[in-house]
Amino acid sequence: MKKFLAILLTLAMSLSLCVSASASGLEGTYDITVWVAEEIKDLTAQQIEAFNASNDAGIVINATIEAVSESVAATTMVADVELGGDLFCFPQDQFARLVQAGALAKLGVKAAETVAAANAAGVVAAAKVGDDLYAYPLTADNGYFMYYDKSIIPDEDVDSLEKLIADCEAAQKYFAFEMQSSAWYLASFFFATGCVSEWTTDESGAFIEVHDTFNSPEGLIAVKGMKKLVSSDFHLSSSAGDAFDANAAVVVTGIWNYETIKSILGDNMGVTDLPSFEVDGVSYHLGSFNGCKLMGVKPQTDPVRQAVLHRLAQYLTGEQCQLERFEAKSWGPSNLNAQASEAVQTNPGLVALFAQSAYSIPQGQIHGSWWDIAKVIGDDVKDAEDEAGLQAALDNYYDKISALFQMSDAEKNAWAVIGTVNGTNWDTDLPMTKGDDGIWKTDEAYAMDAGTEFKVRQGKSWDNNFPADNFKVEEAGTYYVLFDEATGEVSLAAE
Amino acid sequence: MSVSKEVNAAPVKRHMGLRASRAMANTGIYILLVVISIVWLIPFFCILLQSFRVESTWQVGYVIPQKWGLDNYRNLFNTDFPKWYLNTFIAALVTAALQTIIVLCMSYTLSRFRFKMRKPLMRFMLILGMFPGMLTMIILFRVLKDLGMVQANAVPGLILVYIASSGMGYYVSKGFFDTLPKSLDEAARVDGATRFQVLKKIILPLSKPIVIYTVLTAFMGPWGDYVFAQYISFGTSSGMNVAVGLYNWLNQDQIAKCYTMFCAGGVLVAIPVTVLFMCLQKYYVEGVTGGAVKG
Amino acid sequence: MKTYSDLEFLKLSKGQKILYKFQRFFAAIPTGLKNLFLGIGRGLKGLGAKVGEEAKDIITTFVHGDWKTKLSYLVMGFGNLARGQILRGLLFLLFEVVFIGYMVLYGAYWLGMLPSLGKVGPTKSYNEIYDVYVTQYNDNSFKILLYGVLTIFFIIAFIYTWRVNVKQNKLAEKILASGKKLRSGREDLRSMVDDQFHKTLLALPMTGILIFTVMPIVFMVLVAFTNYDGTHDGYYNNLFTWVGMDNFNTMLSWTSGTGSGTQSYAATFGEVLSWTLIWAFFATFTNYFLGMFVAMAINKKGINLKKLWRTILVLTIAIPQFISLLYVGKMFAKNGIVNGFLMSMGWIDKALPFWEDATWARITVIIINIWIGIPYLMLITTGILMNIPADLYESARIDGANAWQQYSKITLPYMLFVTGPYLLTSFTGNMNNFNVIYLLTGGAPTNAAASSAAGSVGYTDLLITWLFKITTGAESKYYLASVVGILVFVVVALISLVVYNVLPSIKNEEDFQ
């Protein structure tokens, strides 16, 4: 029976080959290397076999599949693109770095449309630089929530950080939440109070500006909450699932630890969204990053090979393959159809993740150095002795974030025009210079139509900008823009 | 310079008080040595015990397994571990052979010959040794890449890098050669032997401790190399050595499944080196004391 | 500062002696530095004079030489061939042919590109048929730098060989004029295992060192003057190019450029350097004294099972560090078995912050390093201790010296004298002790003030692990790593130089034959 099927399959394949061979121009055998996580290595091999059997372009993939952990794949790719895997998987925080390193091939126009339509919007945004899509969404489960040991933590305490800490201290068990070595986890407290860190890149993937409100009254509330946790003797800075086998009662981590924790705790495993903390009588529900894993295609010099790899990547990140990964390894799909399936909707781990997603923010593009800069907040907060110390931790953070763009004080203080002026579209700062009279004036005069809108802002940041509502040009003409720093008044001067 | 000789072997007149206080002192030393031995052995015992634990595969907060078994060792053979082991073994063996030849050539020459460039050469190598080797990793990697000795072919590449600069490590064996009397060579030279014959017939037979010392250190090196081996295997499992392969199991996505296997692999890696070391310890000590301190 | 004569020195009290030695040590630093620069100056001057001499000799050889010699200036080895030294002549000729061939085919290109390090970066184009973006790679800055350096090496080798070729002609003319015969190829071969045997022996090791140590170091030093990093990798994204001293200015400037609060690289470097020195000091001397102590304990008369004790200790050498250190590191985690044990015994009621607190972490790495280091020191000192003449102790005992006096008056001075050079290499080795720090802490805990420095620095990071973090960090700033590497070299070289110049016993020991 099996043999018969195989023959039938080969027949069908060769038939389809004959039919479409000339049409696709892609037929042939391709030796490629695929880097995936160890746990989906075998599954990926099967999926590529299935691709070979089902594709209508006559493509035969001869894949060498290497187990390369997603967290190291990017570092390895960046070290030498040529030797890297043709297809490789990586967590989203490495995306910008890979684009800049030239390790990701941009998706074609049609492919980009298909992928964007099929996947959750937040995930698609994560794979974009500007309007261009550079990678294929693989999962949408890269977030964290809370696991706890029901034999120690009463169910009614799971919504309160303070109660959880008290329970852990009473039982001499650890509350594991990675606060001292990971910005990804400690951002949770900041998102709880509504702080944001939003970064903008230019089209090469280089970061050009940031809107960051961690250093604010809300940020101070966040670190006060964090202080409660990190100053506990039973706080453990870890996100390892097996911490439950080493004296932990609560672990904040992701879906990838589900199986491990299940086998340690058995029926005592509790899974839920993150708790809330209370500062000055107000309760703040902990937020989280809602991220994804992506699959990238290495740039090729041969268009045919490039097209083949894109097809394979599209297949491997399609609905069917994502569902297979979900069934085999509980990887949460990013594909909208797959997400809607009942099995996904009822998986306990994913349910907790979805519950948490009400409080999570999509993880956009973030500067690679942010992770290093932000992760020390945990240590700083732990060492802080009073509110001034907490504020100092935030100041320290803010200084280093602003320093990333290497702006001199002069640049930080400089005003510029941004808007729909001179063919730009709110993406370019047109420089101004301060005159002897203290009035800032654009370096050139620009031709403006009636209805052109712009603002004047300081240091390429929106912290200080004028006027409050966009300035609207009423009469077409060629103008200099004038700005009075003292009064905040914006005006036009004809050439 | 035998190991069993003692510091104060000369006979001393003894009387009771001295003997009693010496017995006290010795008891103290015995206690100290037992404590030291325990401290030194605990980590190895723990690793050994973890490798026999079968009730779970991740890290746990206790030491004694609840269920014992050989599963971890058996599972090793379903992974690429045998391949990594073989890679490392080959690299260690070839490195041991070639590196010994190179180091001996270098140290013998610098110890026995007097030529114009000798002093500048030694000074030059001393200065070279002050550069942090880590820095040259990127460029060595690219050179090996151009030579096609990376990824699946990493083993020859590793060997090449291990041996290429091994001439810089001539100090210990030069110190050893310095202790051999020069009159031996001169007598043979007078009898008409060439320099080569002197080396072969006179010096080498006397050099057993230093040859074994050099072989042993060269053989041990490749088992522990992680950083560079990681770089040039470049994500290709078949080109990894044991250190890289095992270390990868400690990545966040694998540690829960592979931790006890990591311990079992560690035990297997330690066995050949330990056994070899135990057998040749005597020569190692002679080599190291004969050469290390003479500079 | 007063300089004492030997006699005056002996009269000083113990404390004064130590103080005096310290003063001498530091007082000698400026002199040592001065001598260094003078030495460099003399070397350069000597080099200039040497070049002049060589040039003169080349010209006079040409003027006075016969036609065979004159032709050899153009066709290397011609003189040898014409005078019957076929083997030598052919080797010279072959080398010239290979050199010219290489220069025409490749060398000229690499040399020509070296000043710019490449002109055209990779380009992308859209292919409509397949709906893909295709990349075309062009110049490769990395290769240009690499092969440019190699080409320069090759040219130097050629000039040297050419010079040897000229010299040989002069020598051959002289020998023939005096009526003697020239060496035949067979005699040349025989001399390779006899009076030229050292060249044969050194050929292979030195080639290896030249290609795999010298060339990479030259390359990496040059990288410090470029902007080679993750976003300028020279081939796949952007080309890199020369930036002059910019990187050194960044690293060595005390102002952070961006003002307010952010630590400058120089300050970070200073912090890491001072911890590196503290670490190297403790790692070296704790191991040294404790290792010696353990060796003496095992060697002591009346202690049985000597071999067993040694074997137990030596296990740590035999087992690869990536296994033992990783495990030991985890033992000391907050929820690791050490804390678990201490808590279950009721000795502590909260976990000790072995890796969480900067001071704790620093002390813990030093202590764990003792665990690694003692066995080596035990092995090394065992042999030396046994070499101390027993009658020294005998006569000391007759004079009524107690154990401590015997140790401080006999054992220690002897050991320090014999192991002086070892201590120095061990100190510099510990400064670059990558494994212990990387495997135990990975540099943690993080240093908040220095977190914006490339790769984020931790309190236990040494310069060498920081360097590694810079290259593998988010921005892969190879150029910065290269600057750090050069500075590490400078520090190590300075320390070695000062120690060599100040401690005469070490200097003599180095020349000990």
# chains A, B, ... in the order shown; residues from 1 in each chain; ligands from 1
$ closest_atom_pairs --of "range 248-313 of chain C" --to "range 37-53 of chain B" --cutoff "10 Å" --atoms "only C-alpha atoms" --output "Markdown table"
| residue | atom | partner | partner_atom | distance |
| --- | --- | --- | --- | --- |
| C:Leu308 | CA | B:Ser37 | CA | 9.7 |
| C:Trp309 | CA | B:Ser37 | CA | 7.2 |
| C:Arg310 | CA | B:Ser37 | CA | 9.5 |
| C:Thr311 | CA | B:Ser37 | CA | 9.7 |
| C:Ile312 | CA | B:Ser37 | CA | 6.3 |
| C:Leu313 | CA | B:Trp40 | CA | 6.6 |
$ residues_around --residues "Val210 in chain A" --least-positions-apart "5" --cutoff "8 Å" --atoms "only C-alpha atoms" --output "number ranges by chain"
A: 197-200, 461
$ residues_around --residues "range 185-196 of chain B" --least-positions-apart "6" --cutoff "8 Å" --atoms "only C-alpha atoms" --output "list in words"
Ile202 of chain B; Val193, Asp194, Asp195 and Phe197 of chain C
$ interface_residues --of "chain B" --to "chain A" --cutoff "10 Å" --atoms "only C-alpha atoms" --output "ChimeraX atom specification"
/B:56-62,138,141-142,145,150-151,230-231,234-238,248-249,251-257
$ residues_around --residues "Leu180 in chain B" --least-positions-apart "6" --cutoff "10 Å" --atoms "only C-alpha atoms" --output "ChimeraX atom specification"
/B:111-112,203,206-207
$ write_last_selection --atoms "N, CA and C atoms" --output "tab-separated table (two decimals), in the first residue's frame"
chain	number	residue	atom	x	y	z
B	111	SER	N	67.67	26.32	22.92
B	111	SER	CA	68.48	25.95	24.07
B	111	SER	C	69.91	25.62	23.65
B	112	ARG	N	70.08	24.96	22.49
B	112	ARG	CA	71.36	24.38	22.15
B	112	ARG	C	72.20	25.18	21.15
B	203	ILE	N	70.31	13.37	22.56
B	203	ILE	CA	69.37	14.19	23.33
B	203	ILE	C	68.02	13.50	23.52
B	206	LEU	N	67.31	11.08	26.27
B	206	LEU	CA	67.31	11.66	27.61
B	206	LEU	C	66.06	12.50	27.90
B	207	SER	N	65.26	12.71	26.86
B	207	SER	CA	64.19	13.71	26.97
B	207	SER	C	62.83	13.10	27.25
$ select_by_dssp --residues "range 72-229 of chain B" --states "helix (DSSP H, G or I)" --output "PyMOL selection string"
chain B and resi 72-76+81-112+118-128+133-146+151-164+166-168+171-179+183-190+195-206+208-224+227-229
$ closest_atom_pairs --of "chain A" --to "chain C" --cutoff "6 Å" --atoms "only C-alpha atoms" --output "CSV"
residue,atom,partner,partner_atom,distance
A:Gln100,CA,C:Thr231,CA,5.7
A:Ala101,CA,C:Thr231,CA,5.3
A:Gly102,CA,C:Asn237,CA,4.8
A:Gly108,CA,C:Val132,CA,4.5
A:Thr301,CA,C:Thr135,CA,5.3
A:Pro303,CA,C:Val134,CA,5.8
A:Ala307,CA,C:Tyr130,CA,5.9
A:Gly368,CA,C:Ala474,CA,5.2
A:Asp372,CA,C:Ser456,CA,5.7
A:Ile373,CA,C:Ser451,CA,5.3
A:Val376,CA,C:Ala448,CA,5.2
A:Asp399,CA,C:Thr262,CA,5.9
A:Lys400,CA,C:Thr262,CA,5.6
A:Ala403,CA,C:Thr258,CA,5.7
A:Ser408,CA,C:Thr258,CA,5.3
$ closest_residue --among "B:Phe277, B:Tyr213, B:Phe228, B:Tyr170" --to "chain C" --atoms "only C-alpha atoms"
B:Phe277
$ interface_residues --of "chain C" --to "chain B" --cutoff "7 Å" --atoms "only C-alpha atoms" --output "PyMOL selection string"
chain C and resi 193-195+197-198+201-202+205+208-209+212-213+216-217+220+297+299-301+303+312-313+315+318-324+328+336-337+379-380+383-386+390+418-419+421-422+432+482+485+489+492-493+509-510+513
$ residues_around --residues "Phe89 in chain B" --least-positions-apart "3" --cutoff "9 Å" --atoms "only C-alpha atoms" --output "list in words"
Trp84, Tyr85, Leu86, Ala92, Leu93, Val94, Phe219, Pro222, Trp223 and Asn241 of chain B
$ select_by_dssp --residues "range 57-228 of chain C" --states "strand (DSSP E or B)" --output "list of chain:residue names"
C:Thr123, C:Lys124, C:Ser125, C:Tyr126, C:Asn127, C:Val132, C:Tyr133, C:Val134, C:Thr135, C:Gln136, C:Thr226
$ residues_around --residues "Trp440 in chain A" --least-positions-apart "2" --cutoff "8 Å" --atoms "only C-alpha atoms" --output "ChimeraX atom specification"
/A:415,432-435,438,442,482-485
$ closest_residue --among "B:Val54, B:Met122, B:Ile212, B:Ile232" --to "Met206 in chain C" --atoms "only C-alpha atoms"
B:Met122
$ residues_around --residues "Asp57 in chain C" --least-positions-apart "6" --cutoff "12 Å" --atoms "only C-alpha atoms" --output "PyMOL selection string"
chain C and resi 50-51+63-65+163-164+166-167+170
$ closest_residue --among "A:Glu156, A:Leu353, A:Ala187, A:Glu319" --to "Ser341 in chain A" --atoms "only C-alpha atoms"
A:Glu319
